[in-house]
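Participant: Structure provided below as structure tokens; questions to follow.
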Amino acid sequence: MENRFGDPTARETITEPARDIPVARRTQVLVVGAGAGGYPAAIRAARNGAEVLLIERNAVVGGTGPMSFVTEFLSCENISGILREVQQRLAAHDAATETFLPEYFNLAYDPEMLKLVVLDMLVESGVDLLLNTNVVDVIRDGDALKGVIIENKSGRQAILADVIIDASGDADVAARAGVPMHPREDPQPMMMLCRMGGVDWERMQAHARANPDDFSKLWGTPANKLDGAQYVHLTGWKSLVAQGKEEGALPGTFGHHISIFGATPANLRHGIGYLYAVQVLNRDPTDAADLTGAEIEGRRRARDFLPFVKRIPGMEDAFLIDMAPQIGVRDSRRIVGDYTLTRDDIFEGAVFEDEIALKVYRGPNVKGWVRHKPDGSEGGKGHDLTEMPISVVVLGLPYRCLVPQGIENLLVAGKTVSFDNEAHQRVRLMPECIAMGEAAGVAAAVAVRDGVPPRQVNTDTVRALLTEGGMNLDRAKVRVQQVRETLASRGLNVLMD
């Protein structure tokens, strides 16, 4: 698709007349984006006494879960804080498992119920919401950000705030404010997921156990039964994919495997699953024409893939319920912050005084290795990684990664914070985005209370408030050895120290 909208040299210009823009709202903390980085920020800021307004471009809250059908919290080895609360609330609605230990890794959930759980938490915390609202510009005074310009059904308006948290998922506010960005790498594939009915989970599970070499050791044949916690999805059918490529039924850029996600207790009973297979390569989520092209390509390819799905034992009677409302985006802009987390920080065990989140990373310590390669090959070997030793490390996220260089009164939360490319590959999932959001929200509330810009907040105070709110920042309490033992029990080559 020709990108004629993204090339400024190919366009004429007009002069927009000057106009007075009404100030629709003044608030202490403004959060832009209600996804994994945004709703925790709003909740935490409000619970710590700040007046908070949360604006969201979509009609629902929750982010890529309900919007892109990312139906698992991936890598929950340090589950605590807002994420633990979300899990417990989901479980109360039969939308996630009641028991979840950190060494279970991933937590399956119902994205429709996530919308409601997050909405309840926001309303109960006293957060004001403004949905169907886009940020179109920023209000900057020298080195300080003072607010944003929005567009919605009420027209063009201004919102002024003491602290702004950019949780847009694409660093839209930071970009419009002129924050420096890290150089862009080749984009990771986007994904179009489909919700399917008529899924026979028992038959799929039995087929995987009968053909273990055709499935991921981690997510194909664990010893326990599919339960949405210890065993949350099926990944494999590698021979079927190879056959499809050979026949020409699947494109050569198709990955090595197919995954069926969403094994919540309710979905297991009712035969509902989420099909993860269709990748869209080489698209830029910050370019409107490219993003539109990705949506079109993803939906048409997903439709064309559905007949092939019926070859899967247990999917013979499967049918499409719906496709994700928007394509899933893995990477986007990344700000240059007061500190940039690197892959060496992760594997050399760096400890930071201003750590505001802890994550367990499990994967190969290989420079240049990427899980979701731009060419769609999924790290070269699919999800097994059987030829690589797996390191399991605890890493800390410094608060300074959330603080953009060259501007005051702005924090960034989510996958667009200050990481180098290889760190970003390992620290961009929803649990850590939620944790970063919590930290940004607490820091914003402290900044407002103490009358200082976010760059100058006392990080010991932020850490104490995070801990008081249920987040674990104690490395000794992270169950690293149990994680290693669980991985080893599934046949992976785990480094045990």
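Convention: chains lettered A, B, ... in structure tokens order; per-chain residue numbering from 1; ligands numbered from 1 as shown.
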Mind running range 426-477 of chain A against range 137-150 of chain A at 12 Å and telling me each contacting residue's nearest atom pair with the distance in Å (one decimal), counting only C-alpha atoms, chain and number ascending, as JSON lines?
Facilitator:
{"residue": "A:Pro453", "atom": "CA", "partner": "A:Ala144", "partner_atom": "CA", "distance": 9.2}
{"residue": "A:Pro454", "atom": "CA", "partner": "A:Ala144", "partner_atom": "CA", "distance": 11.2}
{"residue": "A:Arg455", "atom": "CA", "partner": "A:Ala144", "partner_atom": "CA", "distance": 11.6}
Participant: Extract, using only C-alpha atoms, all DNA, RNA and protein residues at most 7 Å from Leu30 in chain A, discarding same-chain residues fewer than 2 positions from it, and format them as number ranges by chain.
Facilitator: A: 27-28, 32, 52-54, 161, 163-165
Participant: Could you write those residues out with all heavy atoms, as a PDB file, in the first residue's frame?
Facilitator:
ATOM      1  N   THR A  27      -6.579  19.839  36.230  1.00  0.00           N
ATOM      2  CA  THR A  27      -6.475  18.708  37.142  1.00  0.00           C
ATOM      3  C   THR A  27      -5.054  18.612  37.665  1.00  0.00           C
ATOM      4  O   THR A  27      -4.119  19.198  37.100  1.00  0.00           O
ATOM      5  CB  THR A  27      -6.880  17.393  36.443  1.00  0.00           C
ATOM      6  OG1 THR A  27      -6.948  16.334  37.408  1.00  0.00           O
ATOM      7  CG2 THR A  27      -5.893  17.021  35.339  1.00  0.00           C
ATOM      8  N   GLN A  28      -4.880  17.900  38.739  1.00  0.00           N
ATOM      9  CA  GLN A  28      -3.530  17.719  39.270  1.00  0.00           C
ATOM     10  C   GLN A  28      -2.740  16.715  38.425  1.00  0.00           C
ATOM     11  O   GLN A  28      -1.601  16.964  38.063  1.00  0.00           O
ATOM     12  CB  GLN A  28      -3.604  17.261  40.731  1.00  0.00           C
ATOM     13  CG  GLN A  28      -4.121  18.339  41.673  1.00  0.00           C
ATOM     14  CD  GLN A  28      -4.215  17.859  43.103  1.00  0.00           C
ATOM     15  OE1 GLN A  28      -4.583  16.702  43.384  1.00  0.00           O
ATOM     16  NE2 GLN A  28      -3.905  18.737  44.053  1.00  0.00           N
ATOM     17  N   VAL A  32      -2.829   9.887  30.113  1.00  0.00           N
ATOM     18  CA  VAL A  32      -3.242   9.721  28.720  1.00  0.00           C
ATOM     19  C   VAL A  32      -3.085   8.249  28.344  1.00  0.00           C
ATOM     20  O   VAL A  32      -1.963   7.740  28.254  1.00  0.00           O
ATOM     21  CB  VAL A  32      -2.414  10.602  27.777  1.00  0.00           C
ATOM     22  CG1 VAL A  32      -2.835  10.365  26.328  1.00  0.00           C
ATOM     23  CG2 VAL A  32      -2.566  12.068  28.157  1.00  0.00           C
ATOM     24  N   VAL A  52      -7.394  13.187  39.678  1.00  0.00           N
ATOM     25  CA  VAL A  52      -6.904  12.500  38.484  1.00  0.00           C
ATOM     26  C   VAL A  52      -7.970  12.504  37.393  1.00  0.00           C
ATOM     27  O   VAL A  52      -9.136  12.182  37.640  1.00  0.00           O
ATOM     28  CB  VAL A  52      -6.513  11.037  38.799  1.00  0.00           C
ATOM     29  CG1 VAL A  52      -5.961  10.350  37.539  1.00  0.00           C
ATOM     30  CG2 VAL A  52      -5.498  10.977  39.931  1.00  0.00           C
ATOM     31  N   LEU A  53      -7.523  12.822  36.174  1.00  0.00           N
ATOM     32  CA  LEU A  53      -8.345  12.661  34.979  1.00  0.00           C
ATOM     33  C   LEU A  53      -7.629  11.690  34.056  1.00  0.00           C
ATOM     34  O   LEU A  53      -6.441  11.848  33.758  1.00  0.00           O
ATOM     35  CB  LEU A  53      -8.544  14.000  34.268  1.00  0.00           C
ATOM     36  CG  LEU A  53      -9.272  13.940  32.916  1.00  0.00           C
ATOM     37  CD1 LEU A  53     -10.705  13.431  33.071  1.00  0.00           C
ATOM     38  CD2 LEU A  53      -9.258  15.308  32.229  1.00  0.00           C
ATOM     39  N   LEU A  54      -8.349  10.675  33.595  1.00  0.00           N
ATOM     40  CA  LEU A  54      -7.820   9.684  32.666  1.00  0.00           C
ATOM     41  C   LEU A  54      -8.548   9.823  31.340  1.00  0.00           C
ATOM     42  O   LEU A  54      -9.782   9.751  31.295  1.00  0.00           O
ATOM     43  CB  LEU A  54      -8.023   8.274  33.230  1.00  0.00           C
ATOM     44  CG  LEU A  54      -7.703   7.083  32.316  1.00  0.00           C
ATOM     45  CD1 LEU A  54      -6.234   7.073  31.928  1.00  0.00           C
ATOM     46  CD2 LEU A  54      -8.075   5.772  33.014  1.00  0.00           C
ATOM     47  N   ALA A 161      -2.722  20.491  33.477  1.00  0.00           N
ATOM     48  CA  ALA A 161      -2.422  19.562  34.567  1.00  0.00           C
ATOM     49  C   ALA A 161      -1.073  19.892  35.180  1.00  0.00           C
ATOM     50  O   ALA A 161      -0.175  20.425  34.508  1.00  0.00           O
ATOM     51  CB  ALA A 161      -2.426  18.123  34.056  1.00  0.00           C
ATOM     52  N   VAL A 163       0.891  17.439  36.522  1.00  0.00           N
ATOM     53  CA  VAL A 163       1.734  16.332  36.058  1.00  0.00           C
ATOM     54  C   VAL A 163       0.957  15.564  34.997  1.00  0.00           C
ATOM     55  O   VAL A 163      -0.236  15.303  35.157  1.00  0.00           O
ATOM     56  CB  VAL A 163       2.125  15.378  37.208  1.00  0.00           C
ATOM     57  CG1 VAL A 163       2.947  14.204  36.668  1.00  0.00           C
ATOM     58  CG2 VAL A 163       2.901  16.115  38.290  1.00  0.00           C
ATOM     59  N   ILE A 164       1.630  15.210  33.923  1.00  0.00           N
ATOM     60  CA  ILE A 164       1.015  14.427  32.842  1.00  0.00           C
ATOM     61  C   ILE A 164       1.761  13.105  32.724  1.00  0.00           C
ATOM     62  O   ILE A 164       2.996  13.071  32.728  1.00  0.00           O
ATOM     63  CB  ILE A 164       1.068  15.198  31.511  1.00  0.00           C
ATOM     64  CG1 ILE A 164       0.275  16.498  31.646  1.00  0.00           C
ATOM     65  CG2 ILE A 164       0.516  14.344  30.361  1.00  0.00           C
ATOM     66  CD1 ILE A 164       0.511  17.470  30.510  1.00  0.00           C
ATOM     67  N   ILE A 165       1.007  12.019  32.639  1.00  0.00           N
ATOM     68  CA  ILE A 165       1.574  10.680  32.453  1.00  0.00           C
ATOM     69  C   ILE A 165       1.186  10.196  31.064  1.00  0.00           C
ATOM     70  O   ILE A 165       0.001  10.051  30.758  1.00  0.00           O
ATOM     71  CB  ILE A 165       1.083   9.699  33.533  1.00  0.00           C
ATOM     72  CG1 ILE A 165       1.505  10.180  34.920  1.00  0.00           C
ATOM     73  CG2 ILE A 165       1.622   8.295  33.259  1.00  0.00           C
ATOM     74  CD1 ILE A 165       0.921   9.361  36.062  1.00  0.00           C
TER      75      ILE A 165
END
Participant: Which is closest to Met191 in chain A among A:Leu411, A:Met323, A:Ala24, A:Met204, if we use only C-alpha atoms?
Facilitator: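 The closest residue to Met191 in chain A is A:Met323.
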Participant: For Ile346 in chain A, which of A:Asn106, A:Gln425, A:Gln481, A:Thr416 is the closest residue, counting only C-alpha atoms?
Facilitator: A:Gln425
Participant: Measuring atom to atom with only C-alpha atoms, identify which of A:Ser418, A:Asn409, A:Ser391, A:Asn493 is nearest to Arg362 in chain A.
Facilitator: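 Distance minimum relative to Arg362 in chain A lands on A:Ser391.
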Participant: If I take CA of Tyr361 in chain A and CA of Glu112 in chain A, how far is one from the other in Å, to one decimal?
Facilitator: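 That distance, rounded to one decimal, is 28.2 Å.
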Participant: CA of Leu395 in chain A and CA of Val351 in chain A, how far apart in Å?
Facilitator: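 So the two atoms, CA of Val351 in chain A and CA of Leu395 in chain A, lie 7.6 Å apart.
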Participant: For Phe419 in chain A, which of A:Leu341, A:Ala443, A:Ala208, A:Ile434 is the closest residue, counting only C-alpha atoms?
Facilitator: A:Leu341
Participant: Which of range 141-302 of chain A counts as alpha helix (DSSP H) under DSSP, as a VMD selection string please?
Facilitator: chain A and resid 172 to 176 201 to 210 238 to 247 265 to 270 288 to 302
